[in-house]
>>> print(open('upload_25.txt').read())   # compact mmCIF, N, CA and C atoms and all ligand atoms
# COMPACT_ATOMS: atom_id res chain seq x y z
N MET A 1 93.82 132.95 99.64
CA MET A 1 92.88 133.36 100.65
C MET A 1 93.67 133.80 101.89
N SER A 2 93.32 134.93 102.41
CA SER A 2 94.01 135.42 103.60
C SER A 2 93.03 135.52 104.76
N PHE A 3 93.46 135.08 105.89
CA PHE A 3 92.64 135.20 107.09
C PHE A 3 93.56 135.20 108.30
N MET A 4 93.00 135.46 109.44
CA MET A 4 93.76 135.50 110.68
C MET A 4 93.63 134.15 111.38
N LEU A 5 94.73 133.70 111.97
CA LEU A 5 94.75 132.45 112.70
C LEU A 5 95.36 132.72 114.07
N THR A 6 94.86 132.03 115.07
CA THR A 6 95.33 132.25 116.43
C THR A 6 96.30 131.16 116.86
N CYS A 7 97.51 131.53 117.18
CA CYS A 7 98.48 130.61 117.78
C CYS A 7 98.22 130.62 119.29
N PRO A 8 98.12 129.44 119.93
CA PRO A 8 97.88 129.43 121.37
C PRO A 8 98.98 130.12 122.18
N ASN A 9 100.15 130.23 121.60
CA ASN A 9 101.27 130.86 122.29
C ASN A 9 101.40 132.35 121.97
N CYS A 10 101.23 132.74 120.71
CA CYS A 10 101.52 134.10 120.25
C CYS A 10 100.28 134.96 120.01
N GLY A 11 99.12 134.34 119.86
CA GLY A 11 97.92 135.11 119.60
C GLY A 11 97.58 135.17 118.13
N LYS A 12 96.69 136.09 117.76
CA LYS A 12 96.15 136.17 116.41
C LYS A 12 97.18 136.78 115.44
N ARG A 13 97.42 136.09 114.31
CA ARG A 13 98.40 136.52 113.30
C ARG A 13 97.86 136.20 111.91
N GLN A 14 98.48 136.81 110.88
CA GLN A 14 98.12 136.52 109.49
C GLN A 14 98.44 135.05 109.18
N VAL A 15 97.59 134.40 108.42
CA VAL A 15 97.76 132.98 108.11
C VAL A 15 99.07 132.71 107.38
N GLY A 16 99.64 133.70 106.72
CA GLY A 16 100.91 133.53 106.02
C GLY A 16 102.07 133.17 106.94
N GLU A 17 101.91 133.42 108.23
CA GLU A 17 102.96 133.06 109.19
C GLU A 17 102.94 131.58 109.54
N PHE A 18 101.89 130.87 109.10
CA PHE A 18 101.68 129.48 109.52
C PHE A 18 101.84 128.51 108.35
N THR A 19 102.09 127.26 108.68
CA THR A 19 102.14 126.18 107.71
C THR A 19 101.05 125.18 108.04
N PHE A 20 100.25 124.84 107.04
CA PHE A 20 99.16 123.88 107.20
C PHE A 20 99.68 122.48 106.91
N ARG A 21 99.36 121.52 107.77
CA ARG A 21 99.85 120.15 107.59
C ARG A 21 98.72 119.13 107.55
N GLY A 22 97.55 119.53 107.13
CA GLY A 22 96.46 118.59 106.93
C GLY A 22 95.53 118.50 108.12
N TYR A 23 94.47 117.77 107.90
CA TYR A 23 93.49 117.62 108.98
C TYR A 23 94.00 116.60 110.00
N PHE A 24 93.50 116.71 111.20
CA PHE A 24 93.89 115.81 112.28
C PHE A 24 93.17 114.49 112.11
N LYS A 25 93.91 113.38 112.16
CA LYS A 25 93.29 112.06 112.14
C LYS A 25 93.98 111.19 113.18
N SER A 26 93.19 110.35 113.80
CA SER A 26 93.71 109.49 114.86
C SER A 26 94.61 108.41 114.26
N ARG A 27 95.75 108.20 114.89
CA ARG A 27 96.71 107.19 114.44
C ARG A 27 96.23 105.81 114.88
N PRO A 28 96.27 104.79 113.98
CA PRO A 28 95.87 103.44 114.39
C PRO A 28 96.81 102.89 115.46
N GLN A 29 96.34 101.89 116.17
CA GLN A 29 97.19 101.21 117.15
C GLN A 29 98.20 100.35 116.41
N GLN A 30 99.32 100.07 117.03
CA GLN A 30 100.37 99.27 116.40
C GLN A 30 99.85 97.89 116.00
N SER A 31 98.90 97.35 116.75
CA SER A 31 98.37 96.02 116.48
C SER A 31 97.26 96.01 115.43
N ASP A 32 96.85 97.19 114.94
CA ASP A 32 95.78 97.23 113.93
C ASP A 32 96.25 96.60 112.61
N ASP A 33 95.28 96.20 111.79
CA ASP A 33 95.60 95.48 110.56
C ASP A 33 96.17 96.42 109.47
N PHE A 34 96.64 95.77 108.40
CA PHE A 34 97.27 96.48 107.29
C PHE A 34 96.33 97.50 106.66
N ALA A 35 95.06 97.14 106.53
CA ALA A 35 94.08 98.03 105.90
C ALA A 35 93.92 99.33 106.69
N SER A 36 93.94 99.23 108.01
CA SER A 36 93.82 100.43 108.84
C SER A 36 95.02 101.35 108.64
N TRP A 37 96.20 100.77 108.59
CA TRP A 37 97.41 101.58 108.38
C TRP A 37 97.46 102.16 106.97
N THR A 38 97.03 101.40 105.99
CA THR A 38 97.00 101.90 104.61
C THR A 38 96.06 103.10 104.50
N SER A 39 94.91 102.97 105.11
CA SER A 39 93.94 104.06 105.10
C SER A 39 94.52 105.30 105.79
N TYR A 40 95.17 105.09 106.92
CA TYR A 40 95.75 106.20 107.68
C TYR A 40 96.82 106.93 106.87
N VAL A 41 97.67 106.18 106.20
CA VAL A 41 98.81 106.79 105.51
C VAL A 41 98.42 107.38 104.15
N TYR A 42 97.58 106.68 103.38
CA TYR A 42 97.35 107.06 101.99
C TYR A 42 96.02 107.74 101.68
N PHE A 43 95.02 107.56 102.49
CA PHE A 43 93.72 108.11 102.15
C PHE A 43 93.37 109.29 103.03
N ASN A 44 93.04 110.40 102.40
CA ASN A 44 92.68 111.61 103.12
C ASN A 44 91.32 112.11 102.66
N LYS A 45 90.59 112.68 103.58
CA LYS A 45 89.31 113.28 103.24
C LYS A 45 89.58 114.66 102.64
N ASN A 46 88.70 115.10 101.83
CA ASN A 46 88.77 116.46 101.30
C ASN A 46 87.49 117.17 101.72
N LYS A 47 87.37 117.34 103.01
CA LYS A 47 86.13 117.81 103.61
C LYS A 47 86.01 119.32 103.53
N ILE A 48 84.81 119.77 103.26
CA ILE A 48 84.49 121.19 103.35
C ILE A 48 83.64 121.37 104.57
N GLY A 49 84.07 122.23 105.46
CA GLY A 49 83.33 122.46 106.69
C GLY A 49 84.24 122.36 107.89
N LYS A 50 83.64 122.13 109.06
CA LYS A 50 84.42 122.11 110.30
C LYS A 50 85.25 120.84 110.41
N GLN A 51 86.49 121.03 110.79
CA GLN A 51 87.39 119.91 111.01
C GLN A 51 88.54 120.36 111.90
N TRP A 52 89.26 119.39 112.48
CA TRP A 52 90.48 119.68 113.22
C TRP A 52 91.62 119.65 112.24
N GLU A 53 92.54 120.58 112.38
CA GLU A 53 93.67 120.67 111.46
C GLU A 53 94.97 120.89 112.22
N TRP A 54 96.06 120.36 111.66
CA TRP A 54 97.39 120.61 112.20
C TRP A 54 97.95 121.88 111.58
N TRP A 55 98.47 122.77 112.43
CA TRP A 55 99.12 123.99 111.96
C TRP A 55 100.43 124.18 112.73
N ASN A 56 101.38 124.81 112.07
CA ASN A 56 102.66 125.12 112.69
C ASN A 56 102.90 126.62 112.54
N HIS A 57 103.31 127.27 113.62
CA HIS A 57 103.60 128.70 113.55
C HIS A 57 105.05 128.86 113.08
N ALA A 58 105.24 128.65 111.78
CA ALA A 58 106.58 128.58 111.18
C ALA A 58 107.35 129.90 111.29
N SER A 59 106.67 131.03 111.18
CA SER A 59 107.34 132.33 111.25
C SER A 59 107.24 132.95 112.63
N GLY A 60 106.89 132.15 113.61
CA GLY A 60 106.76 132.65 114.97
C GLY A 60 107.45 131.74 115.95
N CYS A 61 106.67 131.17 116.84
CA CYS A 61 107.24 130.33 117.91
C CYS A 61 107.60 128.92 117.42
N GLN A 62 107.20 128.56 116.18
CA GLN A 62 107.50 127.27 115.55
C GLN A 62 106.87 126.08 116.28
N ARG A 63 105.82 126.32 117.03
CA ARG A 63 105.15 125.22 117.74
C ARG A 63 103.99 124.70 116.91
N TRP A 64 103.67 123.41 117.11
CA TRP A 64 102.55 122.76 116.45
C TRP A 64 101.32 122.82 117.34
N PHE A 65 100.17 122.98 116.73
CA PHE A 65 98.92 122.99 117.49
C PHE A 65 97.78 122.56 116.57
N ILE A 66 96.62 122.39 117.15
CA ILE A 66 95.44 121.94 116.42
C ILE A 66 94.42 123.08 116.37
N VAL A 67 93.82 123.23 115.21
CA VAL A 67 92.81 124.27 115.02
C VAL A 67 91.49 123.62 114.63
N ASP A 68 90.44 124.01 115.30
CA ASP A 68 89.08 123.61 114.95
C ASP A 68 88.56 124.72 114.04
N ARG A 69 88.52 124.43 112.72
CA ARG A 69 88.26 125.49 111.75
C ARG A 69 87.25 125.03 110.71
N ASP A 70 86.47 125.97 110.22
CA ASP A 70 85.57 125.71 109.10
C ASP A 70 86.33 126.04 107.83
N SER A 71 86.67 125.03 107.05
CA SER A 71 87.52 125.24 105.88
C SER A 71 86.81 126.04 104.77
N ALA A 72 85.52 126.14 104.83
CA ALA A 72 84.79 126.90 103.82
C ALA A 72 84.76 128.40 104.15
N LYS A 73 84.70 128.73 105.44
CA LYS A 73 84.55 130.13 105.83
C LYS A 73 85.85 130.75 106.33
N SER A 74 86.67 129.97 107.03
CA SER A 74 87.93 130.46 107.60
C SER A 74 87.71 131.69 108.49
N THR A 75 86.60 131.72 109.19
CA THR A 75 86.35 132.85 110.07
C THR A 75 86.57 132.45 111.52
N ASP A 76 85.53 132.01 112.20
CA ASP A 76 85.67 131.63 113.60
C ASP A 76 86.40 130.31 113.70
N HIS A 77 87.32 130.23 114.63
CA HIS A 77 88.04 128.99 114.85
C HIS A 77 88.52 128.96 116.30
N GLN A 78 88.99 127.80 116.71
CA GLN A 78 89.54 127.62 118.05
C GLN A 78 90.87 126.90 117.92
N SER A 79 91.91 127.43 118.54
CA SER A 79 93.24 126.83 118.50
C SER A 79 93.60 126.29 119.86
N VAL A 80 94.10 125.05 119.88
CA VAL A 80 94.49 124.43 121.15
C VAL A 80 95.79 123.64 120.94
N TRP A 81 96.48 123.37 122.04
CA TRP A 81 97.62 122.47 121.98
C TRP A 81 97.10 121.05 121.81
N PHE A 82 97.90 120.18 121.24
CA PHE A 82 97.49 118.79 121.00
C PHE A 82 96.96 118.13 122.27
N GLU A 83 97.66 118.33 123.39
CA GLU A 83 97.26 117.68 124.64
C GLU A 83 95.93 118.20 125.18
N ASN A 84 95.46 119.32 124.68
CA ASN A 84 94.18 119.89 125.12
C ASN A 84 93.08 119.69 124.10
N ARG A 85 93.28 118.81 123.13
CA ARG A 85 92.32 118.67 122.03
C ARG A 85 90.98 118.12 122.47
N LYS A 86 90.89 117.51 123.64
CA LYS A 86 89.62 116.96 124.11
C LYS A 86 88.57 118.03 124.35
N THR A 87 88.99 119.28 124.38
CA THR A 87 88.03 120.36 124.58
C THR A 87 87.25 120.63 123.30
N LEU A 88 87.69 120.09 122.17
CA LEU A 88 86.99 120.30 120.91
C LEU A 88 85.81 119.36 120.80
N GLU A 89 84.79 119.75 120.09
CA GLU A 89 83.53 119.02 120.07
C GLU A 89 83.48 117.87 119.07
N HIS A 90 84.11 118.00 117.95
CA HIS A 90 83.98 116.98 116.90
C HIS A 90 85.35 116.47 116.49
N GLU A 91 85.35 115.41 115.70
CA GLU A 91 86.63 114.83 115.23
C GLU A 91 86.79 115.06 113.75
ZN ZN B 1 103.24 131.10 117.87
>>> encode(input="upload_25.txt", output="structure tokens")
Amino acid sequence: MSFMLTCPNCGKRQVGEFTFRGYFKSRPQQSDDFASWTSYVYFNKNKIGKQWEWWNHASGCQRWFIVDRDSAKSTDHQSVWFENRKTLEHE
């Protein structure tokens, strides 16, 4: 599947320039129990629809950022730096 993705630094580019590293999930606190850490490390959702995702502009500026994307449509999306992720509506 080919689509365009927007790097916050470089702008809109072909998705082939990027590397996908999974959906964004909040890291447990260091004091959280074993079950929380096990879930964080080993269990992943396979969601269809809108989600936050980690992307790297591997063939460009090589920076990491978060994309609010619909995995079923891959059309409209919003790309932000990690520190600006609070602007996104859902988790
Ligand atoms: Zn870039």
>>> residues_near_ligand(input="upload_25.txt", ligand="ligand ZN 1 (chain B)", cutoff="8 Å", atoms="all atoms listed in the file", output="VMD selection string")
chain A and resid 6 to 11 56 to 64
>>> closest_residue(input="upload_25.txt", among="A:Thr19, A:Ser26, A:Ser71, A:Gln14", to="Ile48 in chain A", atoms="all atoms listed in the file")
A:Ser71
>>> atom_distance(input="upload_25.txt", atom1="atom C of Lys25 in chain A", atom2="atom N of Phe3 in chain A")
25.0 Å
>>> residues_near_point(input="upload_25.txt", point="(97.1, 123.0, 108.7)", cutoff="6.5 Å", atoms="all atoms listed in the file", output="number ranges by chain")
A: 19-23, 53-56
>>> atom_distance(input="upload_25.txt", atom1="atom C of Tyr40 in chain A", atom2="atom N of Gln78 in chain A")
24.4 Å
>>> atom_distance(input="upload_25.txt", atom1="atom N of Lys73 in chain A", atom2="atom N of Lys50 in chain A")
7.6 Å
>>> select_by_dssp(input="upload_25.txt", residues="chain A", states="helix (DSSP H, G or I)", output="PDB file with N, CA and C atoms, in the coordinates of the input")
ATOM      1  N   VAL A  15      97.590 134.400 108.420  1.00  0.00           N
ATOM      2  CA  VAL A  15      97.760 132.980 108.110  1.00  0.00           C
ATOM      3  C   VAL A  15      99.070 132.710 107.380  1.00  0.00           C
ATOM      4  N   GLY A  16      99.640 133.700 106.720  1.00  0.00           N
ATOM      5  CA  GLY A  16     100.910 133.530 106.020  1.00  0.00           C
ATOM      6  C   GLY A  16     102.070 133.170 106.940  1.00  0.00           C
ATOM      7  N   GLU A  17     101.910 133.420 108.230  1.00  0.00           N
ATOM      8  CA  GLU A  17     102.960 133.060 109.190  1.00  0.00           C
ATOM      9  C   GLU A  17     102.940 131.580 109.540  1.00  0.00           C
ATOM     10  N   PHE A  34      96.640  95.770 108.400  1.00  0.00           N
ATOM     11  CA  PHE A  34      97.270  96.480 107.290  1.00  0.00           C
ATOM     12  C   PHE A  34      96.330  97.500 106.660  1.00  0.00           C
ATOM     13  N   ALA A  35      95.060  97.140 106.530  1.00  0.00           N
ATOM     14  CA  ALA A  35      94.080  98.030 105.900  1.00  0.00           C
ATOM     15  C   ALA A  35      93.920  99.330 106.690  1.00  0.00           C
ATOM     16  N   SER A  36      93.940  99.230 108.010  1.00  0.00           N
ATOM     17  CA  SER A  36      93.820 100.430 108.840  1.00  0.00           C
ATOM     18  C   SER A  36      95.020 101.350 108.640  1.00  0.00           C
ATOM     19  N   TRP A  37      96.200 100.770 108.590  1.00  0.00           N
ATOM     20  CA  TRP A  37      97.410 101.580 108.380  1.00  0.00           C
ATOM     21  C   TRP A  37      97.460 102.160 106.970  1.00  0.00           C
ATOM     22  N   THR A  38      97.030 101.400 105.990  1.00  0.00           N
ATOM     23  CA  THR A  38      97.000 101.900 104.610  1.00  0.00           C
ATOM     24  C   THR A  38      96.060 103.100 104.500  1.00  0.00           C
ATOM     25  N   SER A  39      94.910 102.970 105.110  1.00  0.00           N
ATOM     26  CA  SER A  39      93.940 104.060 105.100  1.00  0.00           C
ATOM     27  C   SER A  39      94.520 105.300 105.790  1.00  0.00           C
ATOM     28  N   TYR A  40      95.170 105.090 106.920  1.00  0.00           N
ATOM     29  CA  TYR A  40      95.750 106.200 107.680  1.00  0.00           C
ATOM     30  C   TYR A  40      96.820 106.930 106.870  1.00  0.00           C
ATOM     31  N   VAL A  41      97.670 106.180 106.200  1.00  0.00           N
ATOM     32  CA  VAL A  41      98.810 106.790 105.510  1.00  0.00           C
ATOM     33  C   VAL A  41      98.420 107.380 104.150  1.00  0.00           C
ATOM     34  N   TYR A  42      97.580 106.680 103.380  1.00  0.00           N
ATOM     35  CA  TYR A  42      97.350 107.060 101.990  1.00  0.00           C
ATOM     36  C   TYR A  42      96.020 107.740 101.680  1.00  0.00           C
ATOM     37  N   PHE A  82      97.900 120.180 121.240  1.00  0.00           N
ATOM     38  CA  PHE A  82      97.490 118.790 121.000  1.00  0.00           C
ATOM     39  C   PHE A  82      96.960 118.130 122.270  1.00  0.00           C
ATOM     40  N   GLU A  83      97.660 118.330 123.390  1.00  0.00           N
ATOM     41  CA  GLU A  83      97.260 117.680 124.640  1.00  0.00           C
ATOM     42  C   GLU A  83      95.930 118.200 125.180  1.00  0.00           C
ATOM     43  N   ASN A  84      95.460 119.320 124.680  1.00  0.00           N
ATOM     44  CA  ASN A  84      94.180 119.890 125.120  1.00  0.00           C
ATOM     45  C   ASN A  84      93.080 119.690 124.100  1.00  0.00           C
ATOM     46  N   ARG A  85      93.280 118.810 123.130  1.00  0.00           N
ATOM     47  CA  ARG A  85      92.320 118.670 122.030  1.00  0.00           C
ATOM     48  C   ARG A  85      90.980 118.120 122.470  1.00  0.00           C
ATOM     49  N   LYS A  86      90.890 117.510 123.640  1.00  0.00           N
ATOM     50  CA  LYS A  86      89.620 116.960 124.110  1.00  0.00           C
ATOM     51  C   LYS A  86      88.570 118.030 124.350  1.00  0.00           C
ATOM     52  N   THR A  87      88.990 119.280 124.380  1.00  0.00           N
ATOM     53  CA  THR A  87      88.030 120.360 124.580  1.00  0.00           C
ATOM     54  C   THR A  87      87.250 120.630 123.300  1.00  0.00           C
TER      55      THR A  87
END
>>> residues_around(input="upload_25.txt", residues="Ser2 in chain A", least_positions_apart="3", cutoff="8 Å", atoms="all atoms listed in the file", output="list in words")
Leu5, Gln14, Val15, Gly16 and Ser74 of chain A
>>> write_last_selection(input="upload_25.txt", atoms="N, CA and C atoms", output="short mmCIF file (atom, residue, chain, number, x, y, z; two decimals), in the frame of the given file")
data_model
loop_
_atom_site.label_atom_id
_atom_site.label_comp_id
_atom_site.auth_asym_id
_atom_site.auth_seq_id
_atom_site.Cartn_x
_atom_site.Cartn_y
_atom_site.Cartn_z
N LEU A 5 94.73 133.70 111.97
CA LEU A 5 94.75 132.45 112.70
C LEU A 5 95.36 132.72 114.07
N GLN A 14 98.48 136.81 110.88
CA GLN A 14 98.12 136.52 109.49
C GLN A 14 98.44 135.05 109.18
N VAL A 15 97.59 134.40 108.42
CA VAL A 15 97.76 132.98 108.11
C VAL A 15 99.07 132.71 107.38
N GLY A 16 99.64 133.70 106.72
CA GLY A 16 100.91 133.53 106.02
C GLY A 16 102.07 133.17 106.94
N SER A 74 86.67 129.97 107.03
CA SER A 74 87.93 130.46 107.60
C SER A 74 87.71 131.69 108.49
#
>>> closest_atom_pairs(input="upload_25.txt", of="range 44-67 of chain A", to="range 79-83 of chain A", cutoff="6 Å", atoms="only C-alpha atoms", output="CSV")
residue,atom,partner,partner_atom,distance
A:Phe65,CA,A:Trp81,CA,4.7
A:Ile66,CA,A:Val80,CA,5.4
A:Val67,CA,A:Ser79,CA,4.3
>>> select_by_dssp(input="upload_25.txt", residues="chain A", states="strand (DSSP E)", output="ChimeraX atom specification")
/A:4-7,11-14,19-23,50-56,64-70,77-80
>>> decode(input="upload_25.txt", residues="range 17-37 of chain A", atoms="N, CA and C atoms", output="mmCIF file, in the first residue's frame")
data_model
loop_
_atom_site.group_PDB
_atom_site.id
_atom_site.type_symbol
_atom_site.label_atom_id
_atom_site.label_comp_id
_atom_site.auth_asym_id
_atom_site.auth_seq_id
_atom_site.Cartn_x
_atom_site.Cartn_y
_atom_site.Cartn_z
ATOM 1 N N GLU A 17 9.679 6.312 2.319
ATOM 2 C CA GLU A 17 10.809 6.995 2.956
ATOM 3 C C GLU A 17 10.819 6.793 4.466
ATOM 4 N N PHE A 18 9.732 6.226 5.010
ATOM 5 C CA PHE A 18 9.564 6.144 6.464
ATOM 6 C C PHE A 18 9.624 4.695 6.951
ATOM 7 N N THR A 19 9.900 4.543 8.232
ATOM 8 C CA THR A 19 9.867 3.250 8.893
ATOM 9 C C THR A 19 8.811 3.295 9.987
ATOM 10 N N PHE A 20 7.918 2.311 9.972
ATOM 11 C CA PHE A 20 6.851 2.212 10.966
ATOM 12 C C PHE A 20 7.351 1.411 12.156
ATOM 13 N N ARG A 21 7.110 1.897 13.371
ATOM 14 C CA ARG A 21 7.578 1.204 14.572
ATOM 15 C C ARG A 21 6.455 0.900 15.552
ATOM 16 N N GLY A 22 5.244 0.745 15.061
ATOM 17 C CA GLY A 22 4.142 0.321 15.907
ATOM 18 C C GLY A 22 3.329 1.479 16.444
ATOM 19 N N TYR A 23 2.257 1.104 17.088
ATOM 20 C CA TYR A 23 1.378 2.134 17.637
ATOM 21 C C TYR A 23 1.977 2.680 18.936
ATOM 22 N N PHE A 24 1.585 3.881 19.265
ATOM 23 C CA PHE A 24 2.074 4.535 20.474
ATOM 24 C C PHE A 24 1.343 3.977 21.680
ATOM 25 N N LYS A 25 2.086 3.568 22.706
ATOM 26 C CA LYS A 25 1.467 3.132 23.954
ATOM 27 C C LYS A 25 2.252 3.734 25.111
ATOM 28 N N SER A 26 1.525 4.087 26.143
ATOM 29 C CA SER A 26 2.140 4.727 27.302
ATOM 30 C C SER A 26 2.974 3.710 28.073
ATOM 31 N N ARG A 27 4.172 4.122 28.450
ATOM 32 C CA ARG A 27 5.086 3.264 29.207
ATOM 33 C C ARG A 27 4.649 3.229 30.672
ATOM 34 N N PRO A 28 4.613 2.025 31.302
ATOM 35 C CA PRO A 28 4.253 1.963 32.727
ATOM 36 C C PRO A 28 5.284 2.689 33.589
ATOM 37 N N GLN A 29 4.882 3.036 34.786
ATOM 38 C CA GLN A 29 5.813 3.634 35.744
ATOM 39 C C GLN A 29 6.759 2.551 36.252
ATOM 40 N N GLN A 30 7.932 2.942 36.694
ATOM 41 C CA GLN A 30 8.917 1.979 37.188
ATOM 42 C C GLN A 30 8.371 1.165 38.356
ATOM 43 N N SER A 31 7.493 1.757 39.151
ATOM 44 C CA SER A 31 6.939 1.077 40.318
ATOM 45 C C SER A 31 5.738 0.182 39.997
ATOM 46 N N ASP A 32 5.287 0.179 38.737
ATOM 47 C CA ASP A 32 4.130 -0.659 38.378
ATOM 48 C C ASP A 32 4.472 -2.142 38.483
ATOM 49 N N ASP A 33 3.435 -2.968 38.605
ATOM 50 C CA ASP A 33 3.647 -4.400 38.828
ATOM 51 C C ASP A 33 4.112 -5.127 37.556
ATOM 52 N N PHE A 34 4.482 -6.391 37.769
ATOM 53 C CA PHE A 34 5.010 -7.228 36.692
ATOM 54 C C PHE A 34 4.012 -7.380 35.548
ATOM 55 N N ALA A 35 2.737 -7.520 35.883
ATOM 56 C CA ALA A 35 1.704 -7.708 34.860
ATOM 57 C C ALA A 35 1.613 -6.498 33.927
ATOM 58 N N SER A 36 1.750 -5.308 34.480
ATOM 59 C CA SER A 36 1.710 -4.095 33.656
ATOM 60 C C SER A 36 2.883 -4.061 32.682
ATOM 61 N N TRP A 37 4.059 -4.415 33.168
ATOM 62 C CA TRP A 37 5.241 -4.419 32.301
ATOM 63 C C TRP A 37 5.164 -5.532 31.256
#
